[in-house]
$ cat run34.txt   # compact mmCIF, C-alpha atoms
# COMPACT_ATOMS: atom_id res chain seq x y z
CA MET A 1 -10.85 -8.01 23.58
CA PRO A 2 -11.88 -7.46 19.95
CA SER A 3 -10.62 -4.28 18.33
CA ASP A 4 -12.73 -1.13 18.39
CA GLN A 5 -11.50 -0.45 14.85
CA SER A 6 -13.00 -3.51 13.21
CA THR A 7 -16.34 -5.06 12.31
CA TRP A 8 -17.10 -8.24 14.25
CA LEU A 9 -18.37 -11.32 12.43
CA ILE A 10 -20.21 -13.67 14.79
CA ALA A 11 -21.65 -17.16 14.42
CA VAL A 12 -23.93 -19.17 16.73
CA PRO A 13 -25.80 -22.47 16.24
CA GLN A 14 -29.06 -21.99 14.35
CA ASP A 15 -31.62 -23.70 16.56
CA GLY A 16 -34.60 -22.81 18.72
CA ASP A 17 -32.45 -20.72 21.03
CA SER A 18 -31.26 -18.53 18.16
CA GLU A 19 -34.71 -17.56 16.89
CA GLY A 20 -35.30 -13.85 17.27
CA LEU A 21 -31.70 -13.44 18.43
CA LEU A 22 -30.74 -10.62 16.08
CA PRO A 23 -33.55 -8.18 17.03
CA GLU A 24 -33.04 -8.99 20.71
CA ILE A 25 -29.34 -8.19 20.54
CA THR A 26 -29.95 -5.11 18.39
CA ASN A 27 -32.32 -3.66 20.99
CA LYS A 28 -29.76 -4.13 23.76
CA LEU A 29 -26.69 -2.83 21.96
CA PRO A 30 -25.67 0.82 22.48
CA GLN A 31 -26.52 3.09 19.57
CA PRO A 32 -25.35 3.77 16.92
CA THR A 33 -23.94 0.24 16.67
CA GLY A 34 -24.34 -1.25 13.19
CA VAL A 35 -25.90 -4.71 13.20
CA ALA A 36 -26.82 -6.92 10.24
CA GLU A 37 -27.56 -10.51 9.40
CA LEU A 38 -24.76 -12.53 7.85
CA GLY A 39 -25.71 -15.46 5.66
CA ILE A 40 -23.64 -18.56 6.51
CA PRO A 41 -24.40 -21.41 4.09
CA SER A 42 -24.57 -25.06 5.15
CA PHE A 43 -21.31 -26.21 3.58
CA LYS A 44 -20.15 -29.78 3.26
CA THR A 45 -18.39 -30.41 6.55
CA GLY A 46 -16.05 -33.21 5.49
CA THR A 47 -14.15 -35.22 8.07
CA LEU A 48 -13.00 -34.04 11.46
CA ASP A 49 -9.36 -34.38 10.38
CA SER A 50 -9.98 -32.18 7.34
CA LEU A 51 -11.70 -29.55 9.50
CA ILE A 52 -8.82 -29.50 11.95
CA ALA A 53 -6.31 -29.23 9.09
CA LEU A 54 -8.25 -26.29 7.67
CA SER A 55 -8.51 -24.59 11.05
CA GLU A 56 -4.72 -24.71 11.28
CA GLU A 57 -4.26 -23.36 7.76
CA LEU A 58 -6.95 -20.68 7.65
CA PRO A 59 -5.28 -18.22 10.06
CA LYS A 60 -2.26 -18.10 7.74
CA GLN A 61 -4.50 -17.49 4.72
CA ASP A 62 -6.41 -14.88 6.70
CA ALA A 63 -3.18 -13.02 7.46
CA PHE A 64 -2.14 -13.15 3.78
CA PHE A 65 -5.55 -11.93 2.61
CA THR A 66 -5.55 -9.13 5.19
CA ALA A 67 -2.07 -8.02 4.10
CA THR A 68 -3.03 -8.08 0.41
CA VAL A 69 -6.07 -5.87 0.97
CA ALA A 70 -3.98 -3.53 3.13
CA LYS A 71 -1.28 -3.25 0.43
CA ILE A 72 -3.87 -2.30 -2.18
CA VAL A 73 -5.24 0.38 0.15
CA ASP A 74 -1.69 1.68 0.70
CA THR A 75 -1.13 1.79 -3.06
CA LEU A 76 -4.33 3.78 -3.54
CA ARG A 77 -3.38 6.08 -0.68
CA ASN A 78 0.03 6.80 -2.23
CA LEU A 79 -1.39 7.30 -5.71
CA LEU A 80 -3.92 9.78 -4.31
CA ASN A 81 -1.36 11.68 -2.22
CA ASN A 82 -2.93 10.68 1.12
CA ASP A 83 -6.17 12.50 0.31
CA PRO A 84 -8.88 10.87 2.50
CA ALA A 85 -11.75 12.24 0.41
CA LYS A 86 -10.32 10.81 -2.82
CA LEU A 87 -9.40 7.52 -1.14
CA ALA A 88 -12.99 7.12 0.06
CA GLN A 89 -14.12 7.28 -3.58
CA HIS A 90 -11.90 4.32 -4.51
CA VAL A 91 -12.12 1.88 -1.59
CA LEU A 92 -15.50 0.63 -2.72
CA VAL A 93 -16.93 -2.86 -3.13
CA ASN A 94 -19.16 -3.12 -6.19
CA GLU A 95 -19.36 0.69 -6.18
CA ARG A 96 -20.69 0.68 -2.59
CA THR A 97 -18.96 1.42 0.69
CA VAL A 98 -17.28 -1.39 2.61
CA ASP A 99 -19.79 -0.95 5.43
CA TYR A 100 -22.67 -1.38 3.02
CA TYR A 101 -21.11 -4.54 1.62
CA VAL A 102 -20.65 -6.09 5.06
CA LEU A 103 -23.76 -4.72 6.78
CA GLY A 104 -26.15 -4.63 3.84
CA GLY A 105 -27.48 -8.16 4.14
CA TRP A 106 -24.37 -10.01 3.03
CA LYS A 107 -24.84 -13.36 1.29
CA TRP A 108 -22.45 -16.00 0.00
CA ASN A 109 -21.73 -15.69 -3.72
CA GLU A 110 -22.99 -19.11 -4.83
CA SER A 111 -22.64 -18.37 -8.53
CA ARG A 112 -18.90 -17.89 -8.03
CA TYR A 113 -18.22 -20.22 -5.11
CA GLY A 114 -20.81 -22.99 -5.32
CA VAL A 115 -21.51 -24.59 -1.94
CA GLN A 116 -21.55 -28.02 -3.56
CA ARG A 117 -17.74 -27.86 -3.47
CA SER A 118 -15.79 -29.12 -0.50
CA LEU A 119 -14.37 -26.65 2.01
CA ARG A 120 -10.86 -27.46 0.82
CA GLU A 121 -11.77 -26.70 -2.79
CA MET A 122 -13.27 -23.35 -1.85
CA VAL A 123 -10.27 -22.37 0.26
CA ASP A 124 -7.96 -23.29 -2.62
CA ILE A 125 -10.03 -21.25 -5.08
CA LEU A 126 -10.05 -18.20 -2.79
CA ASN A 127 -6.32 -18.50 -2.17
CA LYS A 128 -5.58 -18.86 -5.90
CA GLU A 129 -7.65 -15.76 -6.71
CA MET A 130 -6.03 -13.66 -3.99
CA ALA A 131 -2.52 -14.83 -4.95
CA SER A 132 -3.23 -13.85 -8.56
CA ILE A 133 -4.34 -10.38 -7.48
CA ASP A 134 -1.27 -10.00 -5.27
CA ASN A 135 1.10 -11.04 -8.08
CA VAL A 136 -0.47 -8.72 -10.65
CA MET A 137 -0.43 -5.80 -8.20
CA LYS A 138 3.23 -6.42 -7.34
CA ALA A 139 4.21 -6.47 -11.02
CA LYS A 140 2.21 -3.37 -11.92
CA LEU A 141 3.39 -1.46 -8.87
CA ASN A 142 7.01 -2.38 -9.50
CA ASN A 143 6.74 -1.27 -13.13
CA TYR A 144 5.15 2.02 -12.11
CA ASN A 145 7.76 2.67 -9.41
CA LEU A 146 10.58 2.12 -11.90
CA VAL A 147 9.12 4.64 -14.35
CA LYS A 148 8.25 7.06 -11.55
CA GLY A 149 11.78 6.78 -10.15
CA SER A 150 13.27 7.47 -13.57
CA LEU A 151 11.01 10.50 -14.02
CA VAL A 152 11.86 11.86 -10.57
CA GLN A 153 15.55 11.46 -11.33
CA MET A 154 15.15 13.39 -14.58
CA GLN A 155 13.13 16.10 -12.86
CA ARG A 156 15.66 16.31 -10.05
CA LYS A 157 18.29 17.23 -12.63
CA LYS A 158 16.14 20.25 -13.41
CA THR A 159 15.98 21.30 -9.78
CA GLY A 160 18.47 21.98 -7.02
CA ASN A 161 21.12 24.66 -6.95
CA LEU A 162 23.62 25.43 -9.69
CA SER A 163 26.28 23.19 -8.15
CA ILE A 164 24.27 20.03 -8.85
CA ARG A 165 21.43 20.65 -11.30
CA SER A 166 21.58 19.97 -15.01
CA LEU A 167 22.92 22.86 -17.03
CA VAL A 168 20.94 21.89 -20.10
CA GLY A 169 18.72 24.84 -20.97
CA LEU A 170 20.76 27.24 -18.84
CA VAL A 171 23.93 27.38 -20.91
CA SER A 172 23.50 28.57 -24.47
CA LYS A 173 25.68 28.05 -27.50
CA GLU A 174 27.00 31.59 -27.18
CA ASP A 175 28.30 30.90 -23.66
CA ILE A 176 30.71 28.20 -24.85
CA ILE A 177 33.84 28.29 -27.01
CA GLN A 178 33.55 25.40 -29.43
CA ASP A 179 35.88 23.81 -31.97
CA SER A 180 38.99 25.57 -30.64
CA GLU A 181 42.24 23.67 -30.70
CA TYR A 182 43.68 25.42 -27.65
CA LEU A 183 40.91 27.14 -25.69
CA GLU A 184 37.88 25.94 -23.76
CA THR A 185 35.20 27.40 -21.55
CA CYS A 186 35.05 26.15 -17.96
CA LEU A 187 31.75 26.53 -16.14
CA VAL A 188 32.20 27.27 -12.44
CA ALA A 189 29.51 27.35 -9.74
CA VAL A 190 30.63 29.86 -7.13
CA PRO A 191 28.92 30.24 -3.74
CA LYS A 192 27.34 33.69 -3.64
CA ILE A 193 29.30 34.68 -0.58
CA LEU A 194 32.51 33.99 -2.57
CA ALA A 195 31.50 35.84 -5.76
CA LYS A 196 33.74 38.85 -5.05
CA GLU A 197 36.62 36.54 -4.20
CA TRP A 198 36.10 34.76 -7.54
CA ASN A 199 36.33 37.99 -9.48
CA LEU A 200 39.57 38.84 -7.69
CA LYS A 201 41.19 35.41 -7.95
CA TYR A 202 40.09 33.58 -11.09
CA GLU A 203 42.74 35.10 -13.43
CA ARG A 204 45.53 34.02 -11.07
CA LEU A 205 44.30 30.52 -10.10
CA THR A 206 46.67 29.07 -12.73
CA ASN A 207 48.68 30.24 -15.66
CA MET A 208 46.99 30.52 -19.03
CA VAL A 209 43.62 31.82 -17.86
CA VAL A 210 42.32 34.35 -20.36
CA PRO A 211 42.10 37.74 -18.58
CA ARG A 212 38.66 39.31 -18.17
CA SER A 213 37.03 36.23 -19.68
CA SER A 214 34.72 35.53 -16.69
CA SER A 215 31.07 36.04 -17.57
CA LEU A 216 27.95 35.52 -15.45
CA ILE A 217 25.67 32.90 -17.00
CA ALA A 218 23.05 32.16 -14.32
CA SER A 219 22.37 32.70 -10.64
CA ASP A 220 20.18 31.28 -7.89
CA SER A 221 19.82 31.83 -4.15
CA GLU A 222 23.01 29.88 -3.35
CA TYR A 223 25.35 29.94 -6.33
CA THR A 224 26.39 32.01 -9.31
CA LEU A 225 27.43 30.21 -12.49
CA PHE A 226 30.37 31.77 -14.29
CA GLY A 227 31.98 30.88 -17.60
CA VAL A 228 35.74 31.43 -17.88
CA VAL A 229 38.09 30.76 -20.80
CA VAL A 230 41.28 28.79 -20.14
CA PHE A 231 43.82 26.92 -22.21
CA LYS A 232 43.01 23.24 -22.47
CA ARG A 233 46.46 22.21 -21.28
CA VAL A 234 45.80 23.68 -17.80
CA HIS A 235 42.30 22.24 -17.42
CA ASP A 236 43.13 19.72 -14.68
CA GLN A 237 45.25 22.22 -12.75
CA PHE A 238 42.50 24.84 -12.96
CA VAL A 239 39.90 22.38 -11.68
CA GLN A 240 42.14 21.48 -8.72
CA LYS A 241 42.73 25.13 -7.81
CA CYS A 242 39.01 25.85 -8.03
CA ARG A 243 38.33 22.94 -5.68
CA GLU A 244 40.87 24.32 -3.18
CA ASN A 245 39.01 27.64 -3.19
CA LYS A 246 35.55 26.02 -2.90
CA PHE A 247 34.65 26.87 -6.48
CA ILE A 248 32.86 23.99 -8.22
CA VAL A 249 33.76 23.28 -11.85
CA ARG A 250 30.80 21.77 -13.69
CA GLU A 251 31.62 19.29 -16.44
CA PHE A 252 29.44 20.18 -19.41
CA ILE A 253 29.59 19.60 -23.15
CA TYR A 254 27.19 21.65 -25.21
CA SER A 255 25.23 19.49 -27.63
CA GLU A 256 22.03 20.46 -29.36
CA GLU A 257 21.34 16.77 -29.94
CA GLN A 258 21.72 16.04 -26.23
CA ILE A 259 19.45 18.95 -25.33
CA ALA A 260 16.78 17.66 -27.70
CA LYS A 261 17.20 14.10 -26.42
CA GLU A 262 16.89 15.09 -22.75
CA GLY A 263 13.75 17.07 -23.50
CA GLU A 264 12.27 14.17 -25.45
CA ASP A 265 13.21 11.63 -22.76
CA LEU A 266 11.59 13.79 -20.09
CA GLU A 267 8.41 14.16 -22.12
CA VAL A 268 8.22 10.41 -22.81
CA ALA A 269 8.86 9.58 -19.14
CA ASP A 270 6.22 12.06 -18.01
CA THR A 271 3.63 10.69 -20.44
CA THR A 272 4.45 7.08 -19.53
CA GLU A 273 4.22 7.83 -15.81
CA LYS A 274 0.78 9.41 -16.24
CA GLU A 275 -0.45 6.45 -18.29
CA LEU A 276 0.85 3.92 -15.75
CA TRP A 277 -0.57 5.98 -12.86
CA THR A 278 -4.00 5.91 -14.47
CA GLU A 279 -3.75 2.18 -15.16
CA LEU A 280 -2.53 1.39 -11.63
CA LEU A 281 -5.27 3.52 -10.07
CA ARG A 282 -7.95 1.75 -12.11
CA LEU A 283 -6.47 -1.66 -11.36
CA SER A 284 -6.12 -0.92 -7.63
CA ARG A 285 -9.72 0.24 -7.43
CA THR A 286 -10.93 -2.91 -9.22
CA TYR A 287 -8.72 -5.24 -7.22
CA PHE A 288 -9.69 -3.66 -3.92
CA SER A 289 -13.30 -4.56 -4.63
CA GLU A 290 -12.32 -8.07 -5.73
CA SER A 291 -9.89 -8.74 -2.90
CA PHE A 292 -12.22 -7.51 -0.18
CA GLN A 293 -14.97 -9.82 -1.38
CA ILE A 294 -12.55 -12.76 -1.44
CA PHE A 295 -11.33 -11.77 2.02
CA LEU A 296 -14.83 -11.73 3.49
CA HIS A 297 -15.67 -15.09 1.96
CA LEU A 298 -12.62 -16.55 3.67
CA LYS A 299 -13.79 -15.05 6.98
CA ILE A 300 -17.13 -16.82 6.55
CA LEU A 301 -15.35 -20.10 5.95
CA ARG A 302 -13.38 -19.55 9.17
CA LEU A 303 -16.63 -18.90 11.03
CA PHE A 304 -18.11 -22.11 9.66
CA VAL A 305 -15.09 -24.33 10.35
CA GLU A 306 -14.69 -23.07 13.91
CA SER A 307 -18.44 -23.39 14.51
CA VAL A 308 -18.45 -27.04 13.43
CA LEU A 309 -15.44 -27.80 15.64
CA ARG A 310 -17.01 -25.98 18.55
CA TYR A 311 -20.70 -26.78 18.33
CA GLY A 312 -20.75 -29.93 16.18
CA LEU A 313 -23.54 -31.03 13.87
CA PRO A 314 -25.98 -30.18 12.39
CA ALA A 315 -23.86 -27.63 10.52
CA ASN A 316 -26.46 -24.86 10.51
CA TYR A 317 -25.30 -21.55 11.91
CA ALA A 318 -26.73 -18.08 12.23
CA GLY A 319 -24.33 -15.25 11.55
CA PHE A 320 -24.41 -11.52 12.08
CA ALA A 321 -22.04 -8.60 11.65
CA ILE A 322 -21.58 -5.89 14.27
CA ARG A 323 -19.87 -2.56 13.71
CA PRO A 324 -19.24 -1.31 17.25
CA GLU A 325 -19.15 2.34 18.15
CA PRO A 326 -15.54 2.70 19.40
CA LYS A 327 -16.44 4.39 22.68
CA TYR A 328 -18.97 1.66 23.45
CA THR A 329 -16.81 -1.35 22.52
CA LYS A 330 -16.67 -2.80 26.07
CA LYS A 331 -20.40 -2.39 26.54
CA THR A 332 -21.09 -3.99 23.15
CA LEU A 333 -18.94 -6.99 24.02
CA SER A 334 -20.59 -7.24 27.44
CA VAL A 335 -24.07 -7.34 25.86
CA LEU A 336 -22.99 -10.11 23.49
CA THR A 337 -21.28 -12.11 26.22
CA ASN A 338 -24.29 -11.95 28.53
CA HIS A 339 -26.92 -12.54 25.86
CA LEU A 340 -25.07 -15.51 24.34
CA SER A 341 -24.00 -17.08 27.60
CA TYR A 342 -26.50 -19.90 26.96
CA LEU A 343 -23.90 -21.30 24.54
CA SER A 344 -21.36 -21.85 27.31
CA PRO A 345 -22.05 -25.58 27.88
CA ARG A 346 -21.63 -26.25 24.15
CA SER A 347 -18.64 -24.08 23.43
CA SER A 348 -16.45 -24.51 26.49
CA GLY A 349 -15.71 -28.18 26.00
CA ARG A 350 -17.24 -28.93 29.41
CA ALA A 351 -20.35 -30.44 27.88
CA GLN A 352 -20.71 -34.21 27.86
CA LYS A 353 -18.29 -35.75 25.37
CA HIS A 354 -19.33 -38.31 22.83
CA GLY A 355 -16.27 -40.33 21.98
CA THR A 356 -12.60 -39.79 21.39
CA ALA A 357 -13.02 -37.60 18.31
CA ASP A 358 -15.19 -35.12 20.20
CA GLU A 359 -12.73 -35.07 23.07
CA PHE A 360 -9.92 -34.22 20.65
CA ALA A 361 -12.00 -31.46 19.07
CA GLY A 362 -12.71 -30.01 22.53
CA GLU A 363 -9.02 -30.02 23.39
CA TYR A 364 -8.09 -28.51 20.02
CA GLN A 365 -10.58 -25.69 20.19
CA SER A 366 -9.21 -24.57 23.57
CA LEU A 367 -5.84 -24.07 21.89
CA MET A 368 -7.31 -22.51 18.81
CA GLU A 369 -8.56 -19.31 20.41
CA GLN A 370 -6.38 -17.42 22.83
CA GLU A 371 -9.29 -15.15 23.67
CA PHE A 372 -12.27 -17.44 24.01
CA PHE A 373 -15.94 -16.45 23.81
CA ASP A 374 -19.03 -18.61 23.96
CA PHE A 375 -19.75 -17.48 20.40
CA VAL A 376 -17.43 -17.61 17.37
CA LEU A 377 -16.00 -14.19 16.54
CA TYR A 378 -13.63 -12.98 13.83
CA GLU A 379 -12.74 -9.42 12.94
CA VAL A 380 -12.67 -7.43 9.72
CA PRO A 381 -10.35 -4.43 10.16
CA TRP A 382 -11.78 -1.08 9.11
CA ILE A 383 -10.29 0.73 6.15
CA VAL A 384 -8.54 3.76 7.60
CA LEU A 385 -8.90 6.74 5.28
$ encode --input "run34.txt" --output "structure tokens"
Amino acid sequence: MPSDQSTWLIAVPQDGDSEGLLPEITNKLPQPTGVAELGIPSFKTGTLDSLIALSEELPKQDAFFTATVAKIVDTLRNLLNNDPAKLAQHVLVNERTVDYYVLGGWKWNESRYGVQRSLREMVDILNKEMASIDNVMKAKLNNYNLVKGSLVQMQRKKTGNLSIRSLVGLVSKEDIIQDSEYLETCLVAVPKILAKEWNLKYERLTNMVVPRSSSLIASDSEYTLFGVVVFKRVHDQFVQKCRENKFIVREFIYSEEQIAKEGEDLEVADTTEKELWTELLRLSRTYFSESFQIFLHLKILRLFVESVLRYGLPANYAGFAIRPEPKYTKKTLSVLTNHLSYLSPRSSGRAQKHGTADEFAGEYQSLMEQEFFDFVLYEVPWIVL
């Protein structure tokens, strides 16, 4: 059964039986089902072998096109922090909603995809355009993610507790002994519950710890950062003793140049990320519109190819799009099945055969559709906001 979360594209032979079909079906369908005419051009059919080859290839292209559109939507969703209202403003086709594009009297874009071309040429053009969009989006998204990851890493250094975060900006020049031949300042992150134990123990952790040299530099909800003066020769021993007592020695070298560089790097990364975010958002919005149009044109080609294989010549077919109301999906399908049952002799392969080629086409079409209807039906998944 077709999905209740997709718009159905349907094709039937355009002959005397199809006249007045759209209003008849519209009147019978449960409301508020969206129904609209779908213009299917009379393409050059080519040979039966070429049609069968295309019918085997098109499902793979369809899956690729569907995935490409979905990836662009996911990119927009991530850029817009999963905000449905904002996403709805960007998943537009020619600045109109997707429903308007599909149900607003859709017509083949002849200026871009002239019907004088063969079916194979048009499929190749569509595939080339979609592949180009996919490649550009991959490159741009990868570039943005690299910059975003770098920025997040820099920002993460500014967050977290005092046992892991960057000490740049927290430790001042006055907190550190510099240019001493024998002495150095060790910075120690002490769990708050062990602060009293630190004050009692630090002078006796090793020899050559300067008495009463511990000074509180910073504090957060989990740790207190102390500075303590020790002789350089006992540095490694002091670090080991701190580790045994669950005190964390932070390696830090005070450098005004490094402080300035980190601040500059963060500012550059932040600016670059914002620029790339804006560019990727604009590109994703543009490419969504482009890719969805390409996607729908491929769907129309699938309708045409399957219609020729199923109904034969002349290659004139009436198409319409139906947006079912989810709770009435079964009823909608039932109306279509009953109203289009007159196509059964032509579509089931039980009609009189005219030669070996037609017999092969009849056998092929039975394999082509796992779920078989008397009419040709393909689905366009809805964009979930």
$ residues_around --input "run34.txt" --residues "A:Pro32" --least-positions-apart "6" --cutoff "9 Å" --atoms "all atoms listed in the file" --output "number ranges by chain"
A: 323-325
$ closest_residue --input "run34.txt" --among "A:Ser118, A:Thr272, A:Thr75, A:Ser132" --to "A:Val91" --atoms "only C-alpha atoms"
A:Thr75
$ atom_distance --input "run34.txt" --atom1 "atom CA of A:Gly114" --atom2 "atom CA of A:Tyr317"
17.9 Å
$ atom_distance --input "run34.txt" --atom1 "atom CA of A:Lys241" --atom2 "atom CA of A:Thr224"
17.8 Å
$ residues_near_point --input "run34.txt" --point "(46.5, 29.2, -30.2)" --cutoff "12 Å" --atoms "all atoms listed in the file" --output "compact mmCIF listing (two decimals) with C-alpha atoms, in the coordinates of the input"
# COMPACT_ATOMS: atom_id res chain seq x y z
CA SER A 180 38.99 25.57 -30.64
CA GLU A 181 42.24 23.67 -30.70
CA TYR A 182 43.68 25.42 -27.65
CA LEU A 183 40.91 27.14 -25.69
CA GLU A 184 37.88 25.94 -23.76
CA MET A 208 46.99 30.52 -19.03
CA VAL A 210 42.32 34.35 -20.36
CA VAL A 230 41.28 28.79 -20.14
CA PHE A 231 43.82 26.92 -22.21
CA LYS A 232 43.01 23.24 -22.47
CA ARG A 233 46.46 22.21 -21.28
$ closest_residue --input "run34.txt" --among "A:Arg120, A:Lys330, A:Lys274, A:Arg112" --to "A:Asp49" --atoms "all atoms listed in the file"
A:Arg120
